[in-house]
Amino acid sequence: VSELQEWRPVAYRKCTDTLWLLLFCLFWAGLMFISGYAVMAGAAERLVLGYDSFGNICGRKNTPVEGAHLSGLDMTNKKYVFFLNSCSLEIQSLKISSLSLCVSSCPQEQLNSLEDLQSFARNNGSFLCVYNLNISSYTLNPKAPQLCPTLPVPPSKSFPLFNRCVPQNPECYSKYASVLIRMVNEMDVFHRILSGILAGRDTVIGLSVLALAFCFILVLAFRFIQTLLVHTLIALVVFGLLFVSGVLWWLYYDYRNDPSTELETEKENVKFLLGYAIFSTIVTVVLLSLIFVLRKRLQFAVQLFQIVGKIIGRIPFLLFQPLWTFLILIVFWVFWVAVLLSLGTAGTAQSTSGGQVEYRALSGICYMAWYHFVGLLWTSEFILACQQMVIAGAVVTCYFNRNKNSPPPHPVLSSISILFCYHLGTAVKGSFLITILRIPRIVLLYLCSILNQKKNAKCLFNCCFCWVCCQESCLRYFNQYAYTTTAINGTNFCTSAKDSVCILAKNSAKLASISCFGDFLLFLGKVFVVCFTVFGGLMAFNYHRELQAWVVPLLLVGFFAYLMSHSFLSVFEVTAEAMFLCFAIDMETNDGTAEKPYFMDQELLTFVSQSNKLTEGQNHRSTRPFQDNEDGTELQPM
């Protein structure tokens, strides 16, 4: 650490952290094996479309199962699952005991007799009795009462909950919903998450598009930022925080005082609403306090983002970088969810003594699911790390350029080529360290939910959770500077991290306050996106109180909104941090004389001096030991 680092943007590079890149390739080979196995052994259509008691998936053609003579039927026109005993459902070994069939339409009116069933089948073409019972035998066959639904058949509606016919009779509806949710509650965490994703899939997709629109608006606002825009953003954030907190408390009060709140999902919704309301209120109070304390430094934030906007103006394609990153993340997430659905349905079809079909889960699926989950974390962090390195490389190329009016050609493409040719291993290593810290955080959340009734244990786990979160935040902060150092010197991750820590420690007094307030303003932008997206989620999920537990879909909405806003706003964040590191290196290596002129603009030097009141200290720069390097080398341009 005591040795002087020769900071020099190198023209000749070598591959860094090659072993980590090889490890990542081996990990993805295992991920592809799991994906292939899931596709071959799973059937995600069973969850999405639904299936009957004989192994037929509704809405498609099926292959026969040995020993089940009613399997292998063409159900292309029969898209809905109908339970023969929808008012008295029971669960046995995580399976609904009632016989289920695929039907073309659900009965809209109550059917009181076998004659009504026969008339309904002839008029609508929807057969509510077992497939091998002819329609003319509904009233003649003595076994018809056992092969047809329990009378009276309540009116039902094809609700978009896995294409099931949901009874509309209040009593039957309550029992039906409670049985389905109880079955989900008795499943393990993996299947609960799976059910939550499927239950709110349309709403989650719509809200993700809404978050994307908010991100575009914020990117344009920060690119052409003015003082009025900063005040407008802060006003919207304050309004959003207060409004979302108020709506959460209002919904909690409404749910708690609703006399019809009897189902388990409704009680779970009340608990989660209370948790969300308390968390939102705490965040609101903390952020409002910080905004009040830092209100006098708004002008410095405007100047900072104007300088960053000037750099981005020289590299306009940087604004498109988050879009490509977002599209790559979307493709990966769609692939990941598809494999997850296939894993959740991986099982072998076996016929029972009564000619029905049961799907038995294969061994080792849980371990594959956890491996698949680690792949989600690591790959997502790797994609974000690649974006950070591309932006940092482009900024470094333009900063270390003497002629500011003639920027280097295609700096983004040059940065991408350098990343893929030399430094993918560094991005893999940095993203792996973040993943290692995120896994304990998720495990602590799971253990905390299990030990919900034990206050002492819950308090301990909360403390550990906060400690891990702080470590992750610090590591993300230093990772970005390590990536920028790699873009400058072409060194591996550990060497780059050490060098960046040394240079930042020497210049922390100059840059800490500016960087922190800039990051805080960007964080307010992320809060803006998450607040208004979660509010849209609250309004959307509130329409289906009884059938959906809010915790998984709403957390997914918040997670995706934050990840998208982080991906888009990271252009400004990474640009500012890379600029500050280049500034610190420039000040350490050059002195502003004719022999060693600065690379920076006078505007940037004046801004840093004014914001930290260090104008006098800059006049004594000639006494710094870095100017007396024995080899007399100057920081060369890229």
# chains A, B, ... in the order shown; residues from 1 in each chain; ligands from 1
>>> closest_atom_pairs(of="region 375-457 of chain A", to="region 29-46 of chain A", cutoff="12 Å", atoms="only C-alpha atoms", output="JSON lines")
{"residue": "A:Gly375", "atom": "CA", "partner": "A:Leu31", "partner_atom": "CA", "distance": 7.1}
{"residue": "A:Leu376", "atom": "CA", "partner": "A:Leu31", "partner_atom": "CA", "distance": 10.0}
{"residue": "A:Trp378", "atom": "CA", "partner": "A:Leu31", "partner_atom": "CA", "distance": 11.6}
{"residue": "A:Thr379", "atom": "CA", "partner": "A:Leu31", "partner_atom": "CA", "distance": 10.7}
>>> residues_around(residues="region 65-71 of chain A", least_positions_apart="4", cutoff="8 Å", atoms="only C-alpha atoms", output="mmCIF file with N, CA and C atoms, in the first residue's frame")
data_model
loop_
_atom_site.group_PDB
_atom_site.id
_atom_site.type_symbol
_atom_site.label_atom_id
_atom_site.label_comp_id
_atom_site.auth_asym_id
_atom_site.auth_seq_id
_atom_site.Cartn_x
_atom_site.Cartn_y
_atom_site.Cartn_z
ATOM 1 N N PHE A 54 -57.188 -37.005 -14.773
ATOM 2 C CA PHE A 54 -56.718 -38.105 -15.618
ATOM 3 C C PHE A 54 -55.440 -37.740 -16.370
ATOM 4 N N GLY A 55 -54.790 -36.645 -15.970
ATOM 5 C CA GLY A 55 -53.512 -36.265 -16.558
ATOM 6 C C GLY A 55 -53.610 -35.473 -17.833
ATOM 7 N N ASN A 56 -54.804 -35.025 -18.214
ATOM 8 C CA ASN A 56 -54.971 -34.214 -19.415
ATOM 9 C C ASN A 56 -54.788 -32.735 -19.083
ATOM 10 N N TYR A 131 -65.779 -38.124 -18.680
ATOM 11 C CA TYR A 131 -65.735 -38.172 -20.136
ATOM 12 C C TYR A 131 -66.388 -39.414 -20.735
ATOM 13 N N ASN A 132 -66.286 -40.560 -20.067
ATOM 14 C CA ASN A 132 -66.805 -41.794 -20.669
ATOM 15 C C ASN A 132 -68.307 -41.965 -20.455
ATOM 16 N N ALA A 349 -45.646 -39.034 -14.321
ATOM 17 C CA ALA A 349 -47.083 -39.351 -14.275
ATOM 18 C C ALA A 349 -47.277 -40.837 -13.984
ATOM 19 N N GLN A 350 -48.044 -41.126 -12.948
ATOM 20 C CA GLN A 350 -48.316 -42.510 -12.560
ATOM 21 C C GLN A 350 -49.820 -42.677 -12.369
ATOM 22 N N SER A 351 -50.346 -43.764 -12.922
ATOM 23 C CA SER A 351 -51.782 -44.035 -12.812
ATOM 24 C C SER A 351 -52.086 -44.730 -11.493
ATOM 25 N N THR A 352 -53.261 -44.425 -10.942
ATOM 26 C CA THR A 352 -53.705 -45.049 -9.701
ATOM 27 C C THR A 352 -54.692 -46.163 -10.007
ATOM 28 N N GLY A 355 -57.832 -45.411 -12.184
ATOM 29 C CA GLY A 355 -57.652 -44.881 -13.525
ATOM 30 C C GLY A 355 -57.271 -43.423 -13.564
ATOM 31 N N GLN A 356 -57.048 -42.805 -12.409
ATOM 32 C CA GLN A 356 -56.624 -41.411 -12.378
ATOM 33 C C GLN A 356 -55.103 -41.327 -12.440
ATOM 34 N N VAL A 357 -54.611 -40.099 -12.586
ATOM 35 C CA VAL A 357 -53.170 -39.882 -12.767
ATOM 36 C C VAL A 357 -52.666 -38.957 -11.674
#
>>> residues_around(residues="Asn479 (chain A)", least_positions_apart="3", cutoff="10 Å", atoms="only C-alpha atoms", output="list in words")
Ala385, Gln388, Thr426, Ala427, Lys429, Gly430, Ser431, Leu433, Ile434, Ser473, Cys474, Leu475, Arg476, Ala482, Tyr483, Thr484, Thr485, Phe493, Cys494, Ser496, Ala497 and Ser500 of chain A
>>> write_last_selection(atoms="C-alpha atoms", output="compact mmCIF listing (two decimals), in the first residue's frame")
# COMPACT_ATOMS: atom_id res chain seq x y z
CA ALA A 385 -21.24 -5.18 -13.51
CA GLN A 388 -20.73 -0.42 -15.04
CA THR A 426 -13.01 -9.01 -13.25
CA ALA A 427 -16.75 -8.43 -13.70
CA LYS A 429 -15.34 -11.77 -9.54
CA GLY A 430 -16.95 -8.50 -8.45
CA SER A 431 -20.48 -9.82 -9.08
CA LEU A 433 -18.67 -11.12 -4.09
CA ILE A 434 -22.01 -9.27 -4.19
CA SER A 473 -23.65 -1.44 0.16
CA CYS A 474 -19.99 -0.82 0.97
CA LEU A 475 -18.87 -3.59 -1.36
CA ARG A 476 -20.99 -2.21 -4.21
CA ALA A 482 -12.37 -1.15 -8.77
CA TYR A 483 -14.03 -1.49 -12.18
CA THR A 484 -12.98 2.06 -13.11
CA THR A 485 -9.40 1.37 -12.00
CA PHE A 493 -9.88 -6.98 -9.39
CA CYS A 494 -7.89 -7.17 -6.15
CA SER A 496 -7.61 -2.40 -8.74
CA ALA A 497 -9.59 -2.42 -5.50
CA SER A 500 -8.70 2.74 -5.78
>>> residues_around(residues="Leu273 (chain A)", least_positions_apart="2", cutoff="8 Å", atoms="only C-alpha atoms", output="number ranges by chain")
A: 248-249, 251-252, 269-271, 275-277
>>> write_last_selection(atoms="N, CA and C atoms", output="short mmCIF file (atom, residue, chain, number, x, y, z; two decimals), in the first residue's frame")
data_model
loop_
_atom_site.label_atom_id
_atom_site.label_comp_id
_atom_site.auth_asym_id
_atom_site.auth_seq_id
_atom_site.Cartn_x
_atom_site.Cartn_y
_atom_site.Cartn_z
N LEU A 248 -51.27 2.96 2.49
CA LEU A 248 -51.01 1.70 3.20
C LEU A 248 -51.73 1.65 4.55
N TRP A 249 -51.67 2.75 5.30
CA TRP A 249 -52.36 2.78 6.59
C TRP A 249 -53.87 2.73 6.40
N LEU A 251 -55.50 1.26 3.86
CA LEU A 251 -55.85 -0.12 3.49
C LEU A 251 -55.78 -1.05 4.69
N TYR A 252 -54.76 -0.85 5.54
CA TYR A 252 -54.66 -1.68 6.74
C TYR A 252 -55.88 -1.48 7.64
N ASN A 269 -52.79 -10.74 4.31
CA ASN A 269 -52.72 -9.41 3.71
C ASN A 269 -52.70 -8.32 4.77
N VAL A 270 -53.48 -8.50 5.85
CA VAL A 270 -53.51 -7.52 6.93
C VAL A 270 -52.12 -7.41 7.58
N LYS A 271 -51.48 -8.57 7.82
CA LYS A 271 -50.15 -8.55 8.45
C LYS A 271 -49.13 -7.85 7.55
N GLY A 275 -46.91 -4.39 8.03
CA GLY A 275 -45.46 -4.33 7.87
C GLY A 275 -45.04 -3.31 6.83
N TYR A 276 -45.73 -3.31 5.68
CA TYR A 276 -45.42 -2.34 4.64
C TYR A 276 -45.65 -0.91 5.13
N ALA A 277 -46.76 -0.70 5.87
CA ALA A 277 -47.08 0.64 6.35
C ALA A 277 -46.02 1.15 7.33
#
